[in-house]
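These notes are about the structure you will find just below.
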Amino acid sequence: GGDTPSAPPDPAAAQAAAGRAEGVAEPTFARQVAEYTRGVAEEAASVMGATAVFVNDLSSLFSAGVSGAAVDWTRVIAVLATIGVAFGVFVGLRAVGIPFYRAIGRRAAHLRWPLRIPLFVASVVVDALMILIAWAVGYVFALQFGTTGVMNIQEALFLNAFLFVEMVKVAMRAGLSPNHRALRLLPLSDETAAYWYFWLSRIVSALGYAFLFVAPIVTAAVSPGAAQAVRVVVAFAALLMAVAIVLQNRERVRAALAGGAEATHNDALSAFYRLLARLWHLAALAWLVALFVVWLANPQEALPFMAAATLQTAIAVAVGAAVTAFLSRLIAGGMRLPAEMKERLPLLEARLNAFVPAVLKVMRVVVLLGVLIAIAQSWALVDFLGWLGSEVGARVATSAISAGLIVLIGLAAYLAMSSWVEYRLNPNAGAAPTARERTLLTLFRNAFTIVLAVLVAMLALSEIGVNIAPLLAGAGVLGLAVGFGAQKLVQDIITGAFIQIENAMNTGDNVKIAGVTGTVERLTIRSVGVRSIDGVYHLIPFSSVETVSNATKHFSYHMAEIGVAYRESVPEVKKAMQDAFERLTRTDHGPSIIGAFEMHGLTVFGDSAVTVRARIKTEPGKQWALGRAYNEILKEIFDDRGIEMPYPHVTVYMGEDRDGFAPPLRIATDRDAPLVRIETPPGAEATVSPAPDRLDGPAGDDGPASG
């Protein structure tokens, strides 16, 4: 008797509380172990005493049956009749309702789950109404049978037990639905659902009717001890059935848990599944035996605690399993973005699938820890809620939550920044970015990532109680040491920063730096990557850059320097060059021309040609293609107009003597060839010509050639 506490008394805790109340120090570890062992011994003694009482009660039950006490057969007949009527009405209603259930099941099989809910609710309501109708008919029959308006207590006990047991079965049928897969809440096969419903319904029936109907009748007819004996026998039979169920499903559950371990990959949840797969049957058997022993030894105090702890454990496991399954499905399915968003942010989906599954795995481990803590709390193994209520617990929990939120906010900020930069660099999402925007946004993303990572790490460490002041001081000293030891690196960074500030070059520009000419492909705060025209990639640190020659800054020029023969008319050449420019403006290169044709005129007197120069202003980087097209057009015009662009040649001046004659030119074609003497008039230029086939003078004569 007495009040029923919510948890079994803890002698060690009571002793510690008494010691604190009296100002005495808490007991030592050895004292706590002694108190615990004493409690175990007392519980074992109570179990032995309860076993002895059960044997006596069982003997009294048999002795009462043998003594042949008077039996009120009228009450027995009334009870049996009430039982028959209630079950008969229930079986009849179930037989009538079978077509209804089949129709609902067939209709639900062709619908999705949201549309099945009304049919599911209708089936449960009809099932419960059948129980209520049978129970009500039994009550009416019991009141009318025998003395009208009077019901025996035994009939009331049966009807109440019938209502309770069958309503529990209604709940079981709602979850398992052994005959209609479409109305089944749990993801089980037909065979598995029928198996579990068969055994659970028999355990519930045995315990329910024994405790709520048979035991009270035995108490009134024989003795409370005999009733307790009935309860123990039925409970032991239920224990044997439960043990048989556990052993029969040992391998099946192990395989399911092993599959869960493979599905979660290698993390804490996977290790927990593997451990649970090996030991689950031992834990289940230990719980069943402990439940029976505790109920047998101390049903008024320990049994309510164990029942509440079991219920809380089941709820925690069910909630944890549902949340874990949901997170696992998200991890396996990945993130899918709409096509429009993927077009604007093509890298966002891959980035989300890299970060989100990792966060979900961490959340899954947190859920597992939460389930374990809830189980330990329900069985009074740890007082986690009490610890959270303490100053230390509240501080630790707040710090952990704050650190987690800081990390999540940091990840969200990184994703937002990366997505924004990607959006600005995507020409399909808006205006095409300029070269300077591409360069600065890329540098901004890299710098922001580094600063954000350092800031998040520092804030998270400070939230969990780490003093970051020494870290900041150490970082400053380390930075100073790096500055002295890596002056070249510091020079690279400073020079690169000023180059970016002055906008000397951007990605895609054609530049000449450190003796290398090519296209800028990559810019960092420390170096620049240049691809030369032969395909070689040059990585040049900014400390090696003294001059930046950018051929694609703002605008460009094509310098047309054309060499023509001395005999050509310069005005005609200039007119031809102007005509070539006008024809160029009508080609595909016309939009690249951003200025008028600038004619500079004759600039150089060369050895074999005079140079006429002009200039064409173009968009940045367009001067080379445009210049090639202009040269082709100009060559065609020169050919049409007979304007010569001569090969290099040399004019030889022989000089002249006092009489105005040039000295003779001696030409030898080979060793035996005759010498030719060419006389030129005063002031004339001597030209070289091949020797004639026939000479007028004898061989070796230096006289003038004929003709």
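Residue names in the structure tokens use chain letters A, B, ... in the order shown, residue numbers from 1 in each chain, and ligand numbers from 1 in the order shown.
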
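Omitting Thr507 of chain A and its sequence neighbours fewer than 6 positions away, and counting only C-alpha atoms, the residues within 12 Å are Pro433, Thr434, Ala435, Arg436, Glu437, Arg438, Thr439, Leu440, Leu441, Thr442, Leu443, Gln500, Gly518, Thr519, Val520, Glu521, Arg522, Leu523, Thr524, Val528, Gly529, Val530, Arg531, Asn550, Thr552 and Lys553 of chain A.
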
Segment 540-616 of chain A: which residues are alpha helix (DSSP H) by DSSP, as JSON, numbers by chain? {"A": [570, 571, 572, 573, 574, 575, 576, 577, 578, 579, 580, 581, 582, 583, 584, 585]}

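By only C-alpha atoms, and with residues fewer than 2 positions from segment 237-252 of chain A along its chain excluded, the set lying at most 9 Å from it is Trp196, Trp199, Leu200, Arg202, Ile203, Val204, Ala206, Leu207, Val232, Val233, Val234, Ala235, Arg254, Ala255, Ala256, Leu257, Ala277, Trp280, His281, Ala284, Leu285, Leu288, Val289 and Phe292 of chain A.
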
For segment 169-186 of chain A, list every protein, DNA or RNA residue within 9 Å, evaluated using only C-alpha atoms, and leave out those in the same chain fewer than 3 positions away; present the list as an MDAnalysis selection string. chainID A and resid 101:102 104:111 113 116:117 119:121 123:124 127:128 131 164:166 189:197 200:201 204:205

Between atom CA of Val359 of chain A and atom CA of Arg278 of chain A, what is the spacing in Å?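 These atoms are spaced 28.5 Å apart.
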
May I have all residues of segment 448-561 of chain A that DSSP, computed from the backbone, assigns to strand (DSSP E), given as a ChimeraX atom specification? /A:510-513,516-523,527-532,537-541,548-550,556-561

Rank nothing, just name the residue among A:Phe498, A:Phe305, A:Tyr566, A:Tyr557 nearest to Ser543 of chain A, using only C-alpha atoms.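 When distances to Ser543 of chain A are compared using only C-alpha atoms, the smallest one comes from A:Phe498.
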
Shell around Arg583 of chain A at 10 Å using only C-alpha atoms, local window under 5 positions removed, as an MDAnalysis selection string: chainID A and resid 577:578 590 630 633:634
